[in-house]
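**Student:** Sending over final_2.pdb (PDB, N, CA, C and O atoms).
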ATOM      1  N   THR A1247      94.391  88.818  94.401
ATOM      2  CA  THR A1247      94.716  87.411  94.326
ATOM      3  C   THR A1247      96.173  87.215  93.926
ATOM      4  O   THR A1247      96.687  87.940  93.100
ATOM      5  N   ASP A1248      96.767  86.208  94.515
ATOM      6  CA  ASP A1248      98.148  85.877  94.193
ATOM      7  C   ASP A1248      98.134  84.773  93.149
ATOM      8  O   ASP A1248      97.691  83.668  93.401
ATOM      9  N   THR A1249      98.586  85.109  91.963
ATOM     10  CA  THR A1249      98.574  84.138  90.869
ATOM     11  C   THR A1249      99.955  83.534  90.696
ATOM     12  O   THR A1249     100.959  84.155  91.019
ATOM     13  N   LYS A1250     100.007  82.332  90.181
ATOM     14  CA  LYS A1250     101.279  81.635  89.990
ATOM     15  C   LYS A1250     101.704  81.608  88.526
ATOM     16  O   LYS A1250     102.771  81.144  88.203
ATOM     17  N   HIS A1251     100.837  82.123  87.644
ATOM     18  CA  HIS A1251     101.121  82.105  86.209
ATOM     19  C   HIS A1251     100.847  83.474  85.603
ATOM     20  O   HIS A1251      99.939  84.184  86.028
ATOM     21  N   CYS A1252     101.624  83.816  84.604
ATOM     22  CA  CYS A1252     101.441  85.074  83.880
ATOM     23  C   CYS A1252     100.061  85.074  83.226
ATOM     24  O   CYS A1252      99.664  84.096  82.585
ATOM     25  N   ILE A1253      99.339  86.182  83.354
ATOM     26  CA  ILE A1253      98.001  86.263  82.764
ATOM     27  C   ILE A1253      98.045  86.394  81.243
ATOM     28  O   ILE A1253      97.029  86.205  80.593
ATOM     29  N   LEU A1254      99.204  86.683  80.680
ATOM     30  CA  LEU A1254      99.311  86.842  79.232
ATOM     31  C   LEU A1254      99.822  85.590  78.528
ATOM     32  O   LEU A1254      99.287  85.194  77.504
ATOM     33  N   CYS A1255     100.850  84.947  79.076
ATOM     34  CA  CYS A1255     101.453  83.792  78.385
ATOM     35  C   CYS A1255     101.299  82.475  79.145
ATOM     36  O   CYS A1255     101.642  81.428  78.622
ATOM     37  N   SER A1256     100.844  82.532  80.372
ATOM     38  CA  SER A1256     100.634  81.362  81.247
ATOM     39  C   SER A1256     101.912  80.705  81.748
ATOM     40  O   SER A1256     101.854  79.647  82.360
ATOM     41  N   ASP A1257     103.076  81.310  81.512
ATOM     42  CA  ASP A1257     104.315  80.787  82.092
ATOM     43  C   ASP A1257     104.291  80.993  83.606
ATOM     44  O   ASP A1257     103.570  81.865  84.115
ATOM     45  N   ASP A1258     105.087  80.210  84.315
ATOM     46  CA  ASP A1258     105.208  80.389  85.761
ATOM     47  C   ASP A1258     105.742  81.774  86.069
ATOM     48  O   ASP A1258     106.641  82.271  85.388
ATOM     49  N   LEU A1259     105.188  82.390  87.098
ATOM     50  CA  LEU A1259     105.653  83.711  87.522
ATOM     51  C   LEU A1259     106.824  83.548  88.482
ATOM     52  O   LEU A1259     106.639  83.343  89.675
ATOM     53  N   VAL A1260     108.018  83.598  87.950
ATOM     54  CA  VAL A1260     109.230  83.531  88.756
ATOM     55  C   VAL A1260     109.797  84.933  88.866
ATOM     56  O   VAL A1260     110.065  85.428  89.954
ATOM     57  N   ILE A1261     109.972  85.575  87.735
ATOM     58  CA  ILE A1261     110.421  86.964  87.678
ATOM     59  C   ILE A1261     109.259  87.763  87.095
ATOM     60  O   ILE A1261     108.741  87.425  86.033
ATOM     61  N   ILE A1262     108.858  88.805  87.799
ATOM     62  CA  ILE A1262     107.682  89.567  87.385
ATOM     63  C   ILE A1262     108.066  90.961  86.900
ATOM     64  O   ILE A1262     109.137  91.464  87.208
ATOM     65  N   GLY A1263     107.167  91.545  86.137
ATOM     66  CA  GLY A1263     107.270  92.938  85.739
ATOM     67  C   GLY A1263     106.172  93.704  86.443
ATOM     68  O   GLY A1263     104.998  93.415  86.250
ATOM     69  N   MET A1264     106.549  94.650  87.305
ATOM     70  CA  MET A1264     105.577  95.401  88.090
ATOM     71  C   MET A1264     105.693  96.884  87.790
ATOM     72  O   MET A1264     106.784  97.440  87.798
ATOM     73  N   GLY A1265     104.573  97.511  87.522
ATOM     74  CA  GLY A1265     104.530  98.954  87.323
ATOM     75  C   GLY A1265     104.099  99.657  88.589
ATOM     76  O   GLY A1265     103.895  99.031  89.633
ATOM     77  N   ASN A1266     103.924 100.970  88.495
ATOM     78  CA  ASN A1266     103.537 101.784  89.644
ATOM     79  C   ASN A1266     102.209 101.359  90.263
ATOM     80  O   ASN A1266     101.954 101.632  91.425
ATOM     81  N   CYS A1267     101.357 100.709  89.511
ATOM     82  CA  CYS A1267     100.055 100.279  90.028
ATOM     83  C   CYS A1267     100.186  99.126  91.012
ATOM     84  O   CYS A1267      99.313  98.912  91.848
ATOM     85  N   GLY A1268     101.272  98.350  90.914
ATOM     86  CA  GLY A1268     101.535  97.292  91.881
ATOM     87  C   GLY A1268     101.024  95.914  91.506
ATOM     88  O   GLY A1268     101.227  94.964  92.262
ATOM     89  N   HIS A1269     100.378  95.774  90.366
ATOM     90  CA  HIS A1269      99.905  94.447  89.972
ATOM     91  C   HIS A1269     101.087  93.556  89.602
ATOM     92  O   HIS A1269     101.997  93.981  88.901
ATOM     93  N   LYS A1270     101.025  92.307  90.068
ATOM     94  CA  LYS A1270     102.146  91.374  89.896
ATOM     95  C   LYS A1270     101.689  90.132  89.151
ATOM     96  O   LYS A1270     102.015  89.017  89.533
ATOM     97  N   HIS A1271     100.955  90.302  88.070
ATOM     98  CA  HIS A1271     100.365  89.176  87.355
ATOM     99  C   HIS A1271     100.991  88.933  85.980
ATOM    100  O   HIS A1271     100.492  88.117  85.223
ATOM    101  N   VAL A1272     102.068  89.650  85.655
ATOM    102  CA  VAL A1272     102.688  89.548  84.334
ATOM    103  C   VAL A1272     104.162  89.194  84.505
ATOM    104  O   VAL A1272     104.864  89.799  85.316
ATOM    105  N   CYS A1273     104.612  88.217  83.731
ATOM    106  CA  CYS A1273     106.025  87.826  83.805
ATOM    107  C   CYS A1273     106.907  88.929  83.200
ATOM    108  O   CYS A1273     106.430  89.807  82.477
ATOM    109  N   HIS A1274     108.172  88.848  83.492
ATOM    110  CA  HIS A1274     109.101  89.881  83.025
ATOM    111  C   HIS A1274     109.190  89.936  81.501
ATOM    112  O   HIS A1274     109.315  91.006  80.917
ATOM    113  N   MET A1275     109.099  88.791  80.834
ATOM    114  CA  MET A1275     109.201  88.787  79.375
ATOM    115  C   MET A1275     107.993  89.478  78.734
ATOM    116  O   MET A1275     108.149  90.283  77.810
ATOM    117  N   CYS A1276     106.803  89.181  79.212
ATOM    118  CA  CYS A1276     105.605  89.834  78.671
ATOM    119  C   CYS A1276     105.609  91.328  78.990
ATOM    120  O   CYS A1276     105.234  92.151  78.158
ATOM    121  N   ALA A1277     106.051  91.682  80.199
ATOM    122  CA  ALA A1277     106.124  93.093  80.572
ATOM    123  C   ALA A1277     107.094  93.841  79.656
ATOM    124  O   ALA A1277     106.793  94.936  79.171
ATOM    125  N   LEU A1278     108.245  93.237  79.398
ATOM    126  CA  LEU A1278     109.222  93.878  78.511
ATOM    127  C   LEU A1278     108.709  93.956  77.075
ATOM    128  O   LEU A1278     108.933  94.955  76.385
ATOM    129  N   ARG A1279     108.013  92.929  76.623
ATOM    130  CA  ARG A1279     107.426  92.972  75.274
ATOM    131  C   ARG A1279     106.420  94.116  75.158
ATOM    132  O   ARG A1279     106.402  94.846  74.165
ATOM    133  N   LEU A1280     105.571  94.247  76.177
ATOM    134  CA  LEU A1280     104.583  95.325  76.163
ATOM    135  C   LEU A1280     105.273  96.684  76.116
ATOM    136  O   LEU A1280     104.906  97.551  75.320
ATOM    137  N   TRP A1281     106.255  96.895  76.974
ATOM    138  CA  TRP A1281     106.927  98.183  77.091
ATOM    139  C   TRP A1281     107.798  98.508  75.885
ATOM    140  O   TRP A1281     107.719  99.606  75.337
ATOM    141  N   LEU A1282     108.643  97.568  75.497
ATOM    142  CA  LEU A1282     109.673  97.870  74.495
ATOM    143  C   LEU A1282     109.234  97.637  73.057
ATOM    144  O   LEU A1282     109.612  98.399  72.171
ATOM    145  N   ILE A1283     108.472  96.598  72.815
ATOM    146  CA  ILE A1283     108.065  96.289  71.443
ATOM    147  C   ILE A1283     106.731  96.949  71.101
ATOM    148  O   ILE A1283     106.601  97.599  70.076
ATOM    149  N   MET A1284     105.759  96.783  72.006
ATOM    150  CA  MET A1284     104.416  97.317  71.746
ATOM    151  C   MET A1284     104.280  98.792  72.140
ATOM    152  O   MET A1284     103.289  99.425  71.811
ATOM    153  N   LYS A1285     105.267  99.316  72.877
ATOM    154  CA  LYS A1285     105.229 100.708  73.364
ATOM    155  C   LYS A1285     103.967 100.964  74.192
ATOM    156  O   LYS A1285     103.365 102.023  74.133
ATOM    157  N   ASN A1286     103.569  99.949  74.955
ATOM    158  CA  ASN A1286     102.357 100.012  75.767
ATOM    159  C   ASN A1286     102.768  99.953  77.236
ATOM    160  O   ASN A1286     103.243  98.929  77.711
ATOM    161  N   LYS A1287     102.567 101.049  77.952
ATOM    162  CA  LYS A1287     102.941 101.112  79.362
ATOM    163  C   LYS A1287     101.744 100.953  80.282
ATOM    164  O   LYS A1287     101.834 101.224  81.472
ATOM    165  N   GLN A1288     100.625 100.496  79.734
ATOM    166  CA  GLN A1288      99.435 100.283  80.556
ATOM    167  C   GLN A1288      99.479  98.914  81.224
ATOM    168  O   GLN A1288      99.888  97.928  80.621
ATOM    169  N   CYS A1289      99.016  98.881  82.462
ATOM    170  CA  CYS A1289      98.876  97.611  83.164
ATOM    171  C   CYS A1289      97.768  96.808  82.496
ATOM    172  O   CYS A1289      96.685  97.340  82.249
ATOM    173  N   PRO A1290      97.989  95.530  82.197
ATOM    174  CA  PRO A1290      96.943  94.718  81.579
ATOM    175  C   PRO A1290      95.768  94.442  82.519
ATOM    176  O   PRO A1290      94.694  94.069  82.076
ATOM    177  N   ILE A1291      95.949  94.647  83.814
ATOM    178  CA  ILE A1291      94.879  94.425  84.791
ATOM    179  C   ILE A1291      93.998  95.670  84.927
ATOM    180  O   ILE A1291      92.795  95.617  84.724
ATOM    181  N   CYS A1292      94.598  96.800  85.295
ATOM    182  CA  CYS A1292      93.812  98.001  85.621
ATOM    183  C   CYS A1292      93.878  99.091  84.554
ATOM    184  O   CYS A1292      93.200 100.110  84.674
ATOM    185  N   LYS A1293      94.724  98.906  83.555
ATOM    186  CA  LYS A1293      94.886  99.862  82.447
ATOM    187  C   LYS A1293      95.513 101.191  82.861
ATOM    188  O   LYS A1293      95.494 102.151  82.108
ATOM    189  N   GLN A1294      96.088 101.250  84.056
ATOM    190  CA  GLN A1294      96.771 102.468  84.489
ATOM    191  C   GLN A1294      98.053 102.638  83.689
ATOM    192  O   GLN A1294      98.768 101.674  83.430
ATOM    193  N   ASP A1295      98.344 103.867  83.273
ATOM    194  CA  ASP A1295      99.630 104.161  82.641
ATOM    195  C   ASP A1295     100.697 104.139  83.725
ATOM    196  O   ASP A1295     100.575 104.831  84.733
ATOM    197  N   ASN A1296     101.719 103.335  83.533
ATOM    198  CA  ASN A1296     102.798 103.226  84.508
ATOM    199  C   ASN A1296     104.025 103.968  84.010
ATOM    200  O   ASN A1296     104.432 103.818  82.867
ATOM    201  N   GLU A1297     104.596 104.776  84.890
ATOM    202  CA  GLU A1297     105.784 105.548  84.549
ATOM    203  C   GLU A1297     107.048 104.705  84.641
ATOM    204  O   GLU A1297     108.050 105.013  84.015
ATOM    205  N   ASN A1298     106.996 103.667  85.470
ATOM    206  CA  ASN A1298     108.173 102.837  85.721
ATOM    207  C   ASN A1298     107.823 101.370  85.589
ATOM    208  O   ASN A1298     106.675 100.979  85.802
ATOM    209  N   LEU A1299     108.822 100.583  85.275
ATOM    210  CA  LEU A1299     108.680  99.136  85.231
ATOM    211  C   LEU A1299     109.802  98.535  86.063
ATOM    212  O   LEU A1299     110.977  98.834  85.844
ATOM    213  N   LEU A1300     109.433  97.715  87.026
ATOM    214  CA  LEU A1300     110.396  97.052  87.881
ATOM    215  C   LEU A1300     110.375  95.566  87.561
ATOM    216  O   LEU A1300     109.325  94.936  87.577
ATOM    217  N   ILE A1301     111.527  95.020  87.237
ATOM    218  CA  ILE A1301     111.673  93.581  86.993
ATOM    219  C   ILE A1301     112.254  93.009  88.277
ATOM    220  O   ILE A1301     113.357  93.383  88.681
ATOM    221  N   ILE A1302     111.504  92.104  88.903
ATOM    222  CA  ILE A1302     111.873  91.654  90.242
ATOM    223  C   ILE A1302     111.439  90.209  90.469
ATOM    224  O   ILE A1302     110.463  89.756  89.868
ATOM    225  N   ASP A1303     112.152  89.522  91.321
ATOM    226  CA  ASP A1303     111.777  88.140  91.651
ATOM    227  C   ASP A1303     111.227  88.016  93.070
ATOM    228  O   ASP A1303     110.951  86.922  93.532
ATOM    229  N   ASP A1304     111.036  89.130  93.742
ATOM    230  CA  ASP A1304     110.518  89.142  95.114
ATOM    231  C   ASP A1304     109.107  89.704  95.110
ATOM    232  O   ASP A1304     108.909  90.910  95.025
ATOM    233  N   LYS A1305     108.111  88.819  95.196
ATOM    234  CA  LYS A1305     106.716  89.249  95.131
ATOM    235  C   LYS A1305     106.253  89.995  96.374
ATOM    236  O   LYS A1305     105.165  90.554  96.390
ATOM    237  N   SER A1306     107.082  90.037  97.407
ATOM    238  CA  SER A1306     106.700  90.757  98.621
ATOM    239  C   SER A1306     106.938  92.263  98.499
ATOM    240  O   SER A1306     106.470  93.035  99.325
ATOM    241  N   VAL A1307     107.657  92.689  97.475
ATOM    242  CA  VAL A1307     107.925  94.111  97.265
ATOM    243  C   VAL A1307     106.619  94.802  96.868
ATOM    244  O   VAL A1307     105.869  94.302  96.043
ATOM    245  N   GLY A1308     106.368  95.953  97.474
ATOM    246  CA  GLY A1308     105.153  96.704  97.176
ATOM    247  C   GLY A1308     105.443  97.960  96.384
ATOM    248  O   GLY A1308     106.596  98.261  96.055
ATOM    249  N   VAL A1309     104.403  98.713  96.095
ATOM    250  CA  VAL A1309     104.541  99.926  95.282
ATOM    251  C   VAL A1309     105.365 100.993  95.982
ATOM    252  O   VAL A1309     105.857 101.921  95.320
ATOM    253  N   ASP A1310     105.553 100.898  97.289
ATOM    254  CA  ASP A1310     106.368 101.877  97.993
ATOM    255  C   ASP A1310     107.808 101.887  97.505
ATOM    256  O   ASP A1310     108.519 102.857  97.704
ATOM    257  N   ILE A1311     108.237 100.834  96.817
ATOM    258  CA  ILE A1311     109.588 100.784  96.262
ATOM    259  C   ILE A1311     109.813 101.914  95.254
ATOM    260  O   ILE A1311     110.905 102.431  95.119
ATOM    261  N   PHE A1312     108.750 102.337  94.566
ATOM    262  CA  PHE A1312     108.880 103.381  93.555
ATOM    263  C   PHE A1312     109.157 104.759  94.169
ATOM    264  O   PHE A1312     109.667 105.642  93.505
ATOM    265  N   SER A1313     108.806 104.942  95.424
ATOM    266  CA  SER A1313     109.066 106.233  96.082
ATOM    267  C   SER A1313     110.302 106.184  96.957
ATOM    268  O   SER A1313     110.672 107.186  97.565
ATOM    269  N   SER A1314     110.964 105.029  97.036
ATOM    270  CA  SER A1314     112.154 104.918  97.885
ATOM    271  C   SER A1314     113.384 105.406  97.136
ATOM    272  O   SER A1314     113.387 105.535  95.911
ATOM    273  N   GLU A1315     114.429 105.649  97.877
ATOM    274  CA  GLU A1315     115.687 106.100  97.283
ATOM    275  C   GLU A1315     116.404 104.980  96.541
ATOM    276  O   GLU A1315     117.284 105.246  95.732
ATOM    277  N   VAL A1316     116.043 103.751  96.838
ATOM    278  CA  VAL A1316     116.672 102.611  96.177
ATOM    279  C   VAL A1316     116.353 102.635  94.692
ATOM    280  O   VAL A1316     117.180 102.336  93.850
ATOM    281  N   PHE A1317     115.122 103.016  94.367
ATOM    282  CA  PHE A1317     114.685 103.007  92.982
ATOM    283  C   PHE A1317     115.138 104.282  92.349
ATOM    284  O   PHE A1317     115.599 104.440  91.349
TER
END
Output the file's structure as structure tokens, nothing else.
**Tutor:**
Amino acid sequence: TDTKHCILCSDDLVIIGMGNCGHKHVCHMCALRLWLIMKNKQCPICKQDNENLLIIDDKSVGVDIFSSEVF
């Protein structure tokens, strides 16, 4: 499902934090709080440990970005 609000804080999803799992339901601020303050790299949706965090405003980007040379 494509959500328009962060599942953690309910702010509008303009800039998202996406991990290797590809879920795009958390805003960049909540994602950064989880990673940097809470030291929690698990996706709040699937609980997968994510090795990377991508802060992006383009929801069309998929998980293949993590295997590309751009990243």
**Student:** I'd like the residues picked by the PyMOL selection byres ((chain A and resi 1298) around 7) written out as an MDAnalysis selection string, using the chain letters and numbers from the file.
**Tutor:** chainID A and resid 1264:1267 1287 1295:1297 1299:1300
**Student:** What is the distance, in Å and to one decimal place, between CA of Ile1302 (chain A) and CA of Lys1270 (chain A)?
**Tutor:**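 Result for CA of Ile1302 (chain A) versus CA of Lys1270 (chain A): 9.7 Å, one decimal.
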**Student:** Could you expand the PyMOL selection byres (((chain A and resi 1276-1286 and name CA) around 9) and name CA) into the explicit residues it covers here, written as a list in words?
**Tutor:**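 Selection result, ordered by chain and number: Cys1252, Leu1254, Cys1255, Ile1262, Gly1263, Met1264, Val1272, Cys1273, His1274, Met1275, Lys1287, Gln1288, Cys1289, Asp1295, Leu1299 and Ile1301 of chain A.
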**Student:** Could you check the closest approach to Asp1303 (chain A) for each of A:Ser1256, A:His1269, A:Lys1250, A:Ile1261 and tell me which residue wins, using only C-alpha atoms?
**Tutor:** A:Ile1261
**Student:** Could you check how far atom N of Lys1305 (chain A) sits from CA of Val1260 (chain A), in Å to one decimal?
**Tutor:** 8.4 Å
**Student:** What does the distance between atom C of Val1307 (chain A) and atom N of Lys1293 (chain A) come to in Å, to one decimal place?
**Tutor:**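 These two atoms are separated by 18.3 Å.
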**Student:** Would you mind writing down, as a ChimeraX atom specification, each residue of chain A that DSSP on the backbone assigns to strand (DSSP E or B)?
**Tutor:** /A:1251,1258,1262-1265,1273,1288,1295,1299-1302
**Student:** May I have the centre and edge lengths, in Å to one decimal, of an axis-aligned box around the listed atoms of region 1266-1285 of chain A with 3 Å added to every side, as lines of an AutoDock Vina configuration file?
**Tutor:**
center_x = 104.5
center_y = 94.9
center_z = 81.2
size_x = 16.4
size_y = 20.2
size_z = 28.2
**Student:** Name the residues of region 1249-1315 of chain A that come out as alpha helix (DSSP H) in a backbone DSSP run; write them as number ranges by chain.
**Tutor:** A: 1274-1278
**Student:** The selected residues should be written to file as an mmCIF file, keeping the file's coordinate frame (atoms: N, CA, C and O atoms).
**Tutor:**
data_model
loop_
_atom_site.group_PDB
_atom_site.id
_atom_site.type_symbol
_atom_site.label_atom_id
_atom_site.label_comp_id
_atom_site.auth_asym_id
_atom_site.auth_seq_id
_atom_site.Cartn_x
_atom_site.Cartn_y
_atom_site.Cartn_z
ATOM 1 N N HIS A 1274 108.172 88.848 83.492
ATOM 2 C CA HIS A 1274 109.101 89.881 83.025
ATOM 3 C C HIS A 1274 109.190 89.936 81.501
ATOM 4 O O HIS A 1274 109.315 91.006 80.917
ATOM 5 N N MET A 1275 109.099 88.791 80.834
ATOM 6 C CA MET A 1275 109.201 88.787 79.375
ATOM 7 C C MET A 1275 107.993 89.478 78.734
ATOM 8 O O MET A 1275 108.149 90.283 77.810
ATOM 9 N N CYS A 1276 106.803 89.181 79.212
ATOM 10 C CA CYS A 1276 105.605 89.834 78.671
ATOM 11 C C CYS A 1276 105.609 91.328 78.990
ATOM 12 O O CYS A 1276 105.234 92.151 78.158
ATOM 13 N N ALA A 1277 106.051 91.682 80.199
ATOM 14 C CA ALA A 1277 106.124 93.093 80.572
ATOM 15 C C ALA A 1277 107.094 93.841 79.656
ATOM 16 O O ALA A 1277 106.793 94.936 79.171
ATOM 17 N N LEU A 1278 108.245 93.237 79.398
ATOM 18 C CA LEU A 1278 109.222 93.878 78.511
ATOM 19 C C LEU A 1278 108.709 93.956 77.075
ATOM 20 O O LEU A 1278 108.933 94.955 76.385
#
**Student:** Using the structure just given, write a file holding N, CA and C atoms for region 1297-1308 of chain A, as a PDB file, in the first residue's frame.
**Tutor:**
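File written: result.pdb
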ATOM      1  N   GLU A1297      20.999  -2.731   6.307  1.00  0.00           N
ATOM      2  CA  GLU A1297      22.400  -2.330   6.313  1.00  0.00           C
ATOM      3  C   GLU A1297      22.571  -0.875   5.897  1.00  0.00           C
ATOM      4  N   ASN A1298      21.613  -0.376   5.121  1.00  0.00           N
ATOM      5  CA  ASN A1298      21.707   0.977   4.574  1.00  0.00           C
ATOM      6  C   ASN A1298      20.417   1.733   4.809  1.00  0.00           C
ATOM      7  N   LEU A1299      20.534   3.036   4.853  1.00  0.00           N
ATOM      8  CA  LEU A1299      19.376   3.912   4.948  1.00  0.00           C
ATOM      9  C   LEU A1299      19.498   4.961   3.853  1.00  0.00           C
ATOM     10  N   LEU A1300      18.473   5.060   3.031  1.00  0.00           N
ATOM     11  CA  LEU A1300      18.442   6.033   1.957  1.00  0.00           C
ATOM     12  C   LEU A1300      17.385   7.074   2.285  1.00  0.00           C
ATOM     13  N   ILE A1301      17.780   8.328   2.298  1.00  0.00           N
ATOM     14  CA  ILE A1301      16.851   9.442   2.507  1.00  0.00           C
ATOM     15  C   ILE A1301      16.563   9.998   1.121  1.00  0.00           C
ATOM     16  N   ILE A1302      15.292   9.945   0.725  1.00  0.00           N
ATOM     17  CA  ILE A1302      14.948  10.255  -0.659  1.00  0.00           C
ATOM     18  C   ILE A1302      13.554  10.868  -0.750  1.00  0.00           C
ATOM     19  N   ASP A1303      13.345  11.677  -1.754  1.00  0.00           N
ATOM     20  CA  ASP A1303      12.016  12.270  -1.959  1.00  0.00           C
ATOM     21  C   ASP A1303      11.308  11.687  -3.179  1.00  0.00           C
ATOM     22  N   ASP A1304      11.889  10.676  -3.787  1.00  0.00           N
ATOM     23  CA  ASP A1304      11.311  10.034  -4.973  1.00  0.00           C
ATOM     24  C   ASP A1304      10.821   8.646  -4.599  1.00  0.00           C
ATOM     25  N   LYS A1305       9.507   8.506  -4.409  1.00  0.00           N
ATOM     26  CA  LYS A1305       8.940   7.229  -3.980  1.00  0.00           C
ATOM     27  C   LYS A1305       8.967   6.161  -5.063  1.00  0.00           C
ATOM     28  N   SER A1306       9.340   6.530  -6.279  1.00  0.00           N
ATOM     29  CA  SER A1306       9.406   5.542  -7.355  1.00  0.00           C
ATOM     30  C   SER A1306      10.700   4.728  -7.315  1.00  0.00           C
ATOM     31  N   VAL A1307      11.668   5.154  -6.523  1.00  0.00           N
ATOM     32  CA  VAL A1307      12.935   4.435  -6.405  1.00  0.00           C
ATOM     33  C   VAL A1307      12.681   3.111  -5.683  1.00  0.00           C
ATOM     34  N   GLY A1308      13.262   2.044  -6.211  1.00  0.00           N
ATOM     35  CA  GLY A1308      13.093   0.726  -5.609  1.00  0.00           C
ATOM     36  C   GLY A1308      14.360   0.245  -4.934  1.00  0.00           C
TER      37      GLY A1308
END
